[in-house]
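All remarks here apply to the structure that follows.
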Amino acid sequence: FFCTFPNMVLYFIGLGLHDEQDITLRGLNAIKNSKHVFLEKYTAILMCDKSRLEALYDKKIIEADREMVEMDADRILSDATEHDVSFLVVGDPFGATTHTDLLLRAREKGVKVRVIHNASVMNAVGACGLSLYRFGETVSIVFFSKTWRPDSFYDKICENRRRGLHTLCLLDIKVKEPNLEMLARGKTVYEPPRYMTVNQCLTQLLELEEEKQQKVFDPNSTLCIGISRLQAEDQQIVAGSMKELLDVDFGLPLHCMVVAGEMSDIEQQMVDVYRVSGDTPRLPVKAEEEEESENDLDDGVFV
């Protein structure tokens with residue numbers, strides 16, 4: 001049985017990259033006309049508190065974590081059969097496959113869908129000076145653990161570099177992640193939020209290079225561009241070798257990174273504007289014993 005609800009709309013609305021001011025007028029009007037407003041909270045974060053969104057929208061916002069969107073999507077979809085509903089996504093609505101899945105479920109249920117796009121890291125990364133036409137496949141870099149070290153991104157970066165293309169690296173965020181040890185004991189306890197830094201990303205890439213020895217990366221010559229807090233007033237873009245960027249203080253989240261491929265003269269000139277220098281902020285030097293402990297954990301690779 002298939003029916004439609006012609007007067008009800010589920011809006012997928014991109015919020016942009018920074019704060020409540022980045023929403024489009026079209027998106028804002030859709031929110032004001034919606035009965036319920038959900039904010040997706042696990043693929044990215046805005047750099048402002050939810051209360052600022054609620055003040056501008058004059059709407060109460062329901063935070064939607066991974067469990068709600070992926071396991072309890074009917075809560076969102078059932079609302080959309082009776083009222084206009086807005087589903088808010090940091091960046092652009094289709095920056096994550098999760099949102100595509102939700103759209104497909106809505107259409108299966110006969111819910112009318114409208115998408116209102118916005119800026120995302122996928123196009124704003126052009127701020128670093130590299131041409132968007134020269135980017136290859138985007139990769140996600142996840143936190144390594146003692147028991148889980150996925151490395152499929154290594155081969156994808158290798159292929160991009162072989163073709164002379166740049167690689168955008170999206171860095172892992174962990175929000176409302178359950179503690180597995182407590183989960184095994186039958187208790188649900190969530191870990192504190194974690195946001196991967198450019199420095200952590202570089203360390204993991206160099207660890208993989210040491211293991212695989214395929215000469216994809218060279219700490220002294222592979223050019224990377226670290227980016228933090230795109231669109232914010234304290235946005236940072238710093239270019240340099242992997243080794244040069246390891247101790248750069250990129251500040252608060254969110255971070256992303258580009259592994260540069262072959263560059264045109266114009267790209268080279270733009271990247272030179274962001275070259276690491278004596279004025280570049282640096283991470284504080286750690287105590288000697290902390291450094292020795294970390295070197296032991298990392299087998300002394302490129303630290």
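Order determines the names: the first chain of the structure tokens is A, the second B, and so forth; residues in each chain are numbered 1 upward, and ligands are numbered 1 upward as they are shown.
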
For A:Ser34, work out the shell of residues within 9 Å, counting only C-alpha atoms and skipping chain neighbours fewer than 5 positions away, then give it as a ChimeraX atom specification.
/A:9-11,29,59,83-86

For the selection just defined, write its residues with N, CA, C and O atoms to a file, as a PDB file, in the first residue's frame.
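Saved to result_8.pdb:
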```pdb
ATOM      1  N   VAL A   9       5.370  18.290   4.152  1.00  0.00           N
ATOM      2  CA  VAL A   9       6.704  18.234   3.563  1.00  0.00           C
ATOM      3  C   VAL A   9       7.731  17.926   4.649  1.00  0.00           C
ATOM      4  O   VAL A   9       7.682  18.486   5.751  1.00  0.00           O
ATOM      5  N   LEU A  10       8.670  17.041   4.322  1.00  0.00           N
ATOM      6  CA  LEU A  10       9.857  16.829   5.136  1.00  0.00           C
ATOM      7  C   LEU A  10      10.993  17.595   4.457  1.00  0.00           C
ATOM      8  O   LEU A  10      11.404  17.251   3.345  1.00  0.00           O
ATOM      9  N   TYR A  11      11.450  18.644   5.109  1.00  0.00           N
ATOM     10  CA  TYR A  11      12.531  19.458   4.562  1.00  0.00           C
ATOM     11  C   TYR A  11      13.881  18.947   5.060  1.00  0.00           C
ATOM     12  O   TYR A  11      14.074  18.751   6.263  1.00  0.00           O
ATOM     13  N   ASN A  29      12.776  30.135   6.235  1.00  0.00           N
ATOM     14  CA  ASN A  29      11.322  30.176   6.048  1.00  0.00           C
ATOM     15  C   ASN A  29      10.705  28.791   6.217  1.00  0.00           C
ATOM     16  O   ASN A  29       9.613  28.649   6.796  1.00  0.00           O
ATOM     17  N   LYS A  59      11.897  28.388  17.385  1.00  0.00           N
ATOM     18  CA  LYS A  59      11.410  27.014  17.401  1.00  0.00           C
ATOM     19  C   LYS A  59      12.221  26.192  18.399  1.00  0.00           C
ATOM     20  O   LYS A  59      13.428  26.401  18.547  1.00  0.00           O
ATOM     21  N   HIS A  83       2.443  16.895   9.641  1.00  0.00           N
ATOM     22  CA  HIS A  83       2.857  18.300   9.681  1.00  0.00           C
ATOM     23  C   HIS A  83       4.096  18.469   8.808  1.00  0.00           C
ATOM     24  O   HIS A  83       4.793  17.510   8.494  1.00  0.00           O
ATOM     25  N   ASP A  84       4.404  19.722   8.464  1.00  0.00           N
ATOM     26  CA  ASP A  84       5.709  20.016   7.884  1.00  0.00           C
ATOM     27  C   ASP A  84       6.768  19.804   8.959  1.00  0.00           C
ATOM     28  O   ASP A  84       6.597  20.230  10.116  1.00  0.00           O
ATOM     29  N   VAL A  85       7.864  19.157   8.575  1.00  0.00           N
ATOM     30  CA  VAL A  85       8.949  18.842   9.502  1.00  0.00           C
ATOM     31  C   VAL A  85      10.269  19.247   8.853  1.00  0.00           C
ATOM     32  O   VAL A  85      10.464  19.044   7.647  1.00  0.00           O
ATOM     33  N   SER A  86      11.165  19.819   9.643  1.00  0.00           N
ATOM     34  CA  SER A  86      12.493  20.175   9.147  1.00  0.00           C
ATOM     35  C   SER A  86      13.547  19.294   9.793  1.00  0.00           C
ATOM     36  O   SER A  86      13.551  19.101  11.015  1.00  0.00           O
TER      37      SER A  86
END
```

Contact table stretch 78-128 of chain A vs stretch 250-258 of chain A, cut-off 10 Å, shortest pair per residue, only C-alpha atoms, as JSON lines:
```
{"residue": "A:Val121", "atom": "CA", "partner": "A:Cys256", "partner_atom": "CA", "distance": 8.5}
{"residue": "A:Val125", "atom": "CA", "partner": "A:Val258", "partner_atom": "CA", "distance": 8.5}
{"residue": "A:Cys128", "atom": "CA", "partner": "A:Val258", "partner_atom": "CA", "distance": 8.8}
```

Dump all heavy atoms for the selected residues as an mmCIF file, in the first residue's frame?
```cif
data_model
loop_
_atom_site.group_PDB
_atom_site.id
_atom_site.type_symbol
_atom_site.label_atom_id
_atom_site.label_comp_id
_atom_site.auth_asym_id
_atom_site.auth_seq_id
_atom_site.Cartn_x
_atom_site.Cartn_y
_atom_site.Cartn_z
ATOM 1 N N VAL A 121 31.931 21.501 3.639
ATOM 2 C CA VAL A 121 33.384 21.393 3.515
ATOM 3 C C VAL A 121 33.775 20.935 2.122
ATOM 4 O O VAL A 121 34.865 21.245 1.641
ATOM 5 C CB VAL A 121 33.934 20.426 4.590
ATOM 6 C CG1 VAL A 121 33.445 19.001 4.354
ATOM 7 C CG2 VAL A 121 35.463 20.454 4.626
ATOM 8 N N VAL A 125 36.356 23.853 1.000
ATOM 9 C CA VAL A 125 37.786 23.509 1.073
ATOM 10 C C VAL A 125 38.582 24.265 0.016
ATOM 11 O O VAL A 125 39.799 24.431 0.129
ATOM 12 C CB VAL A 125 37.975 21.981 0.911
ATOM 13 C CG1 VAL A 125 37.628 21.526 -0.512
ATOM 14 C CG2 VAL A 125 39.398 21.564 1.260
ATOM 15 N N CYS A 128 41.491 26.883 0.643
ATOM 16 C CA CYS A 128 42.924 26.618 0.843
ATOM 17 C C CYS A 128 43.744 26.963 -0.392
ATOM 18 O O CYS A 128 44.977 26.933 -0.352
ATOM 19 C CB CYS A 128 43.161 25.168 1.250
ATOM 20 S SG CYS A 128 42.958 23.976 -0.105
#
```

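The closest residue to A:Val142, picked from A:Ala127, A:Val90, A:Leu183, A:Leu202 and counting only C-alpha atoms, is A:Leu202.
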
Write down as a PyMOL selection string the residues of stretch 18-193 of chain A whose backbone DSSP state falls under strand (DSSP E).
chain A and resi 36-40+61-64+85-89+112-116+139-141+167-171+173-174

Near A:Cys48, within 9 Å and counting only C-alpha atoms, which residues show up once chain neighbours fewer than 3 positions away are dropped, as a ChimeraX atom specification?
/A:18-20,45,51-53

Atom CA of A:Leu168 to atom CA of A:Tyr154, straight-line distance in Å:
12.4 Å

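For the pair atom CA of A:Asp79 and atom CA of A:Ile62, the separation is 12.4 Å.
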
Residues within 12 Å of stretch 69-71 of chain A, only C-alpha atoms, excluding chain neighbours under 3 positions, as a list in words
Phe38, Leu39, Glu40, Lys41, Tyr42, Thr43, Ile62, Glu63, Ala64, Asp65, Arg66, Asp74, Arg75, Ile76, Leu77, Phe87, Leu88, Val89, Thr97, Thr98, His99, Thr100, Asp101, Leu102, Leu103 and Arg105 of chain A

Enumerate as an MDAnalysis selection string all residues of stretch 180-303 of chain A assigned to helix (DSSP H, G or I) by DSSP on the backbone, naming them with the chain letters and numbers the document uses.
chainID A and resid 180:184 198:212 242:245 265:273 288:297

Excluding same-chain residues fewer than 4 positions from A:Glu267, what lies within 6 Å of it counting only C-alpha atoms, as a tab-separated table (two decimals) with N, CA and C atoms, in the first residue's frame?
```tsv
chain	number	residue	atom	x	y	z
A	129	GLY	N	43.08	27.29	-1.50
A	129	GLY	CA	43.79	27.71	-2.70
A	129	GLY	C	43.91	26.66	-3.78
A	130	LEU	N	43.47	25.43	-3.50
A	130	LEU	CA	43.54	24.37	-4.50
A	130	LEU	C	42.24	24.31	-5.30
A	263	MET	N	50.28	20.60	-8.49
A	263	MET	CA	49.67	21.93	-8.43
A	263	MET	C	50.04	22.78	-9.64
```

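Taking atom CA of A:Glu137 as the reference point, atom CA of A:Leu171 is found at 14.6 Å.
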
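Comparing the minimum interatomic distances between A:Leu283 and each of A:Met242, A:Val198, A:Ile237, A:Leu25, counting only C-alpha atoms, we find that A:Val198 sits nearest.
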
Skip A:His117 itself and residues of its chain fewer than 5 positions away, then list as a PDB file with all heavy atoms, in the first residue's frame all residues within 10 Å of it, counting only C-alpha atoms.
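As written to disk, selection.pdb reads:
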```
ATOM      1  N   PHE A  12      14.799  18.738   4.136  1.00  0.00           N
ATOM      2  CA  PHE A  12      16.198  18.507   4.480  1.00  0.00           C
ATOM      3  C   PHE A  12      16.910  19.833   4.272  1.00  0.00           C
ATOM      4  O   PHE A  12      17.021  20.313   3.137  1.00  0.00           O
ATOM      5  CB  PHE A  12      16.810  17.442   3.573  1.00  0.00           C
ATOM      6  CG  PHE A  12      16.384  16.038   3.870  1.00  0.00           C
ATOM      7  CD1 PHE A  12      15.097  15.604   3.588  1.00  0.00           C
ATOM      8  CD2 PHE A  12      17.278  15.141   4.451  1.00  0.00           C
ATOM      9  CE1 PHE A  12      14.703  14.307   3.860  1.00  0.00           C
ATOM     10  CE2 PHE A  12      16.893  13.842   4.725  1.00  0.00           C
ATOM     11  CZ  PHE A  12      15.604  13.418   4.439  1.00  0.00           C
ATOM     12  N   ILE A  13      17.406  20.416   5.361  1.00  0.00           N
ATOM     13  CA  ILE A  13      17.920  21.789   5.291  1.00  0.00           C
ATOM     14  C   ILE A  13      19.378  21.842   5.725  1.00  0.00           C
ATOM     15  O   ILE A  13      19.733  21.450   6.841  1.00  0.00           O
ATOM     16  CB  ILE A  13      17.078  22.727   6.186  1.00  0.00           C
ATOM     17  CG1 ILE A  13      15.611  22.702   5.745  1.00  0.00           C
ATOM     18  CG2 ILE A  13      17.632  24.150   6.129  1.00  0.00           C
ATOM     19  CD1 ILE A  13      14.686  23.495   6.648  1.00  0.00           C
ATOM     20  N   GLY A  14      20.222  22.320   4.830  1.00  0.00           N
ATOM     21  CA  GLY A  14      21.623  22.533   5.175  1.00  0.00           C
ATOM     22  C   GLY A  14      21.793  23.810   5.975  1.00  0.00           C
ATOM     23  O   GLY A  14      21.190  24.846   5.661  1.00  0.00           O
ATOM     24  N   LEU A  15      22.627  23.739   7.014  1.00  0.00           N
ATOM     25  CA  LEU A  15      22.837  24.891   7.900  1.00  0.00           C
ATOM     26  C   LEU A  15      24.114  25.661   7.605  1.00  0.00           C
ATOM     27  O   LEU A  15      24.372  26.693   8.215  1.00  0.00           O
ATOM     28  CB  LEU A  15      22.871  24.422   9.359  1.00  0.00           C
ATOM     29  CG  LEU A  15      21.591  23.785   9.903  1.00  0.00           C
ATOM     30  CD1 LEU A  15      21.779  23.425  11.376  1.00  0.00           C
ATOM     31  CD2 LEU A  15      20.394  24.716   9.739  1.00  0.00           C
ATOM     32  N   GLY A  16      24.937  25.166   6.680  1.00  0.00           N
ATOM     33  CA  GLY A  16      26.224  25.810   6.466  1.00  0.00           C
ATOM     34  C   GLY A  16      27.244  25.331   7.480  1.00  0.00           C
ATOM     35  O   GLY A  16      27.048  24.321   8.164  1.00  0.00           O
ATOM     36  N   ILE A  23      22.399  29.962   7.742  1.00  0.00           N
ATOM     37  CA  ILE A  23      21.250  29.363   7.076  1.00  0.00           C
ATOM     38  C   ILE A  23      20.773  30.268   5.938  1.00  0.00           C
ATOM     39  O   ILE A  23      20.906  31.494   5.997  1.00  0.00           O
ATOM     40  CB  ILE A  23      20.100  29.098   8.077  1.00  0.00           C
ATOM     41  CG1 ILE A  23      19.040  28.209   7.436  1.00  0.00           C
ATOM     42  CG2 ILE A  23      19.503  30.399   8.597  1.00  0.00           C
ATOM     43  CD1 ILE A  23      18.057  27.638   8.432  1.00  0.00           C
ATOM     44  N   THR A  24      20.228  29.673   4.881  1.00  0.00           N
ATOM     45  CA  THR A  24      19.680  30.475   3.787  1.00  0.00           C
ATOM     46  C   THR A  24      18.299  31.005   4.174  1.00  0.00           C
ATOM     47  O   THR A  24      17.640  30.470   5.074  1.00  0.00           O
ATOM     48  CB  THR A  24      19.541  29.630   2.503  1.00  0.00           C
ATOM     49  OG1 THR A  24      18.574  28.592   2.726  1.00  0.00           O
ATOM     50  CG2 THR A  24      20.875  29.013   2.103  1.00  0.00           C
ATOM     51  N   ARG A  26      15.677  30.740   2.369  1.00  0.00           N
ATOM     52  CA  ARG A  26      14.726  29.690   2.020  1.00  0.00           C
ATOM     53  C   ARG A  26      14.642  28.648   3.141  1.00  0.00           C
ATOM     54  O   ARG A  26      13.568  28.175   3.511  1.00  0.00           O
ATOM     55  CB  ARG A  26      15.152  29.027   0.710  1.00  0.00           C
ATOM     56  CG  ARG A  26      14.094  28.091   0.112  1.00  0.00           C
ATOM     57  CD  ARG A  26      14.611  27.452  -1.165  1.00  0.00           C
ATOM     58  NE  ARG A  26      15.017  28.451  -2.155  1.00  0.00           N
ATOM     59  CZ  ARG A  26      14.177  29.043  -2.983  1.00  0.00           C
ATOM     60  NH1 ARG A  26      12.889  28.738  -2.954  1.00  0.00           N
ATOM     61  NH2 ARG A  26      14.615  29.946  -3.842  1.00  0.00           N
ATOM     62  N   GLY A  27      15.800  28.297   3.689  1.00  0.00           N
ATOM     63  CA  GLY A  27      15.816  27.335   4.784  1.00  0.00           C
ATOM     64  C   GLY A  27      15.144  27.877   6.033  1.00  0.00           C
ATOM     65  O   GLY A  27      14.393  27.164   6.722  1.00  0.00           O
ATOM     66  N   VAL A  89      20.816  19.752   8.936  1.00  0.00           N
ATOM     67  CA  VAL A  89      22.105  19.088   8.794  1.00  0.00           C
ATOM     68  C   VAL A  89      23.195  20.148   8.690  1.00  0.00           C
ATOM     69  O   VAL A  89      23.084  21.093   7.893  1.00  0.00           O
ATOM     70  CB  VAL A  89      22.132  18.200   7.535  1.00  0.00           C
ATOM     71  CG1 VAL A  89      23.494  17.520   7.392  1.00  0.00           C
ATOM     72  CG2 VAL A  89      21.011  17.165   7.579  1.00  0.00           C
ATOM     73  N   GLY A  91      26.354  21.829   7.346  1.00  0.00           N
ATOM     74  CA  GLY A  91      26.880  21.743   5.991  1.00  0.00           C
ATOM     75  C   GLY A  91      25.737  21.605   5.006  1.00  0.00           C
ATOM     76  O   GLY A  91      24.754  22.338   5.058  1.00  0.00           O
ATOM     77  N   ASP A  92      25.855  20.617   4.113  1.00  0.00           N
ATOM     78  CA  ASP A  92      24.824  20.334   3.116  1.00  0.00           C
ATOM     79  C   ASP A  92      24.114  19.031   3.485  1.00  0.00           C
ATOM     80  O   ASP A  92      24.737  18.119   4.054  1.00  0.00           O
ATOM     81  CB  ASP A  92      25.456  20.205   1.726  1.00  0.00           C
ATOM     82  CG  ASP A  92      24.405  20.062   0.636  1.00  0.00           C
ATOM     83  OD1 ASP A  92      23.818  21.090   0.264  1.00  0.00           O
ATOM     84  OD2 ASP A  92      24.153  18.924   0.188  1.00  0.00           O
ATOM     85  N   PRO A  93      22.828  18.887   3.183  1.00  0.00           N
ATOM     86  CA  PRO A  93      22.088  17.696   3.602  1.00  0.00           C
ATOM     87  C   PRO A  93      22.670  16.377   3.115  1.00  0.00           C
ATOM     88  O   PRO A  93      22.479  15.344   3.758  1.00  0.00           O
ATOM     89  CB  PRO A  93      20.692  17.925   3.002  1.00  0.00           C
ATOM     90  CG  PRO A  93      20.547  19.395   2.939  1.00  0.00           C
ATOM     91  CD  PRO A  93      21.915  19.902   2.585  1.00  0.00           C
ATOM     92  N   PHE A  94      23.379  16.380   1.986  1.00  0.00           N
ATOM     93  CA  PHE A  94      23.857  15.108   1.454  1.00  0.00           C
ATOM     94  C   PHE A  94      25.359  14.932   1.599  1.00  0.00           C
ATOM     95  O   PHE A  94      26.000  14.245   0.797  1.00  0.00           O
ATOM     96  CB  PHE A  94      23.420  14.950  -0.002  1.00  0.00           C
ATOM     97  CG  PHE A  94      21.926  14.847  -0.129  1.00  0.00           C
ATOM     98  CD1 PHE A  94      21.233  15.645  -1.015  1.00  0.00           C
ATOM     99  CD2 PHE A  94      21.205  13.977   0.671  1.00  0.00           C
ATOM    100  CE1 PHE A  94      19.848  15.562  -1.115  1.00  0.00           C
ATOM    101  CE2 PHE A  94      19.822  13.890   0.586  1.00  0.00           C
ATOM    102  CZ  PHE A  94      19.141  14.678  -0.307  1.00  0.00           C
TER     103      PHE A  94
END
```

Find the spatial neighbours of A:Met196, counting only C-alpha atoms, within a cut-off of 7 Å - ignore same-chain residues fewer than 4 positions away - and output them as a PDB file with C-alpha atoms, in the first residue's frame.
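And here's result_5.pdb as it stands now:
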```pdb
ATOM      1  CA  LEU A 171      38.487  13.674  10.213  1.00  0.00           C
ATOM      2  CA  ASP A 172      36.625  11.480  12.668  1.00  0.00           C
ATOM      3  CA  ILE A 173      34.270  12.768  15.328  1.00  0.00           C
ATOM      4  CA  GLN A 200      46.361  13.072  15.024  1.00  0.00           C
ATOM      5  CA  CYS A 201      45.510  12.499  11.379  1.00  0.00           C
TER       6      CYS A 201
END
```
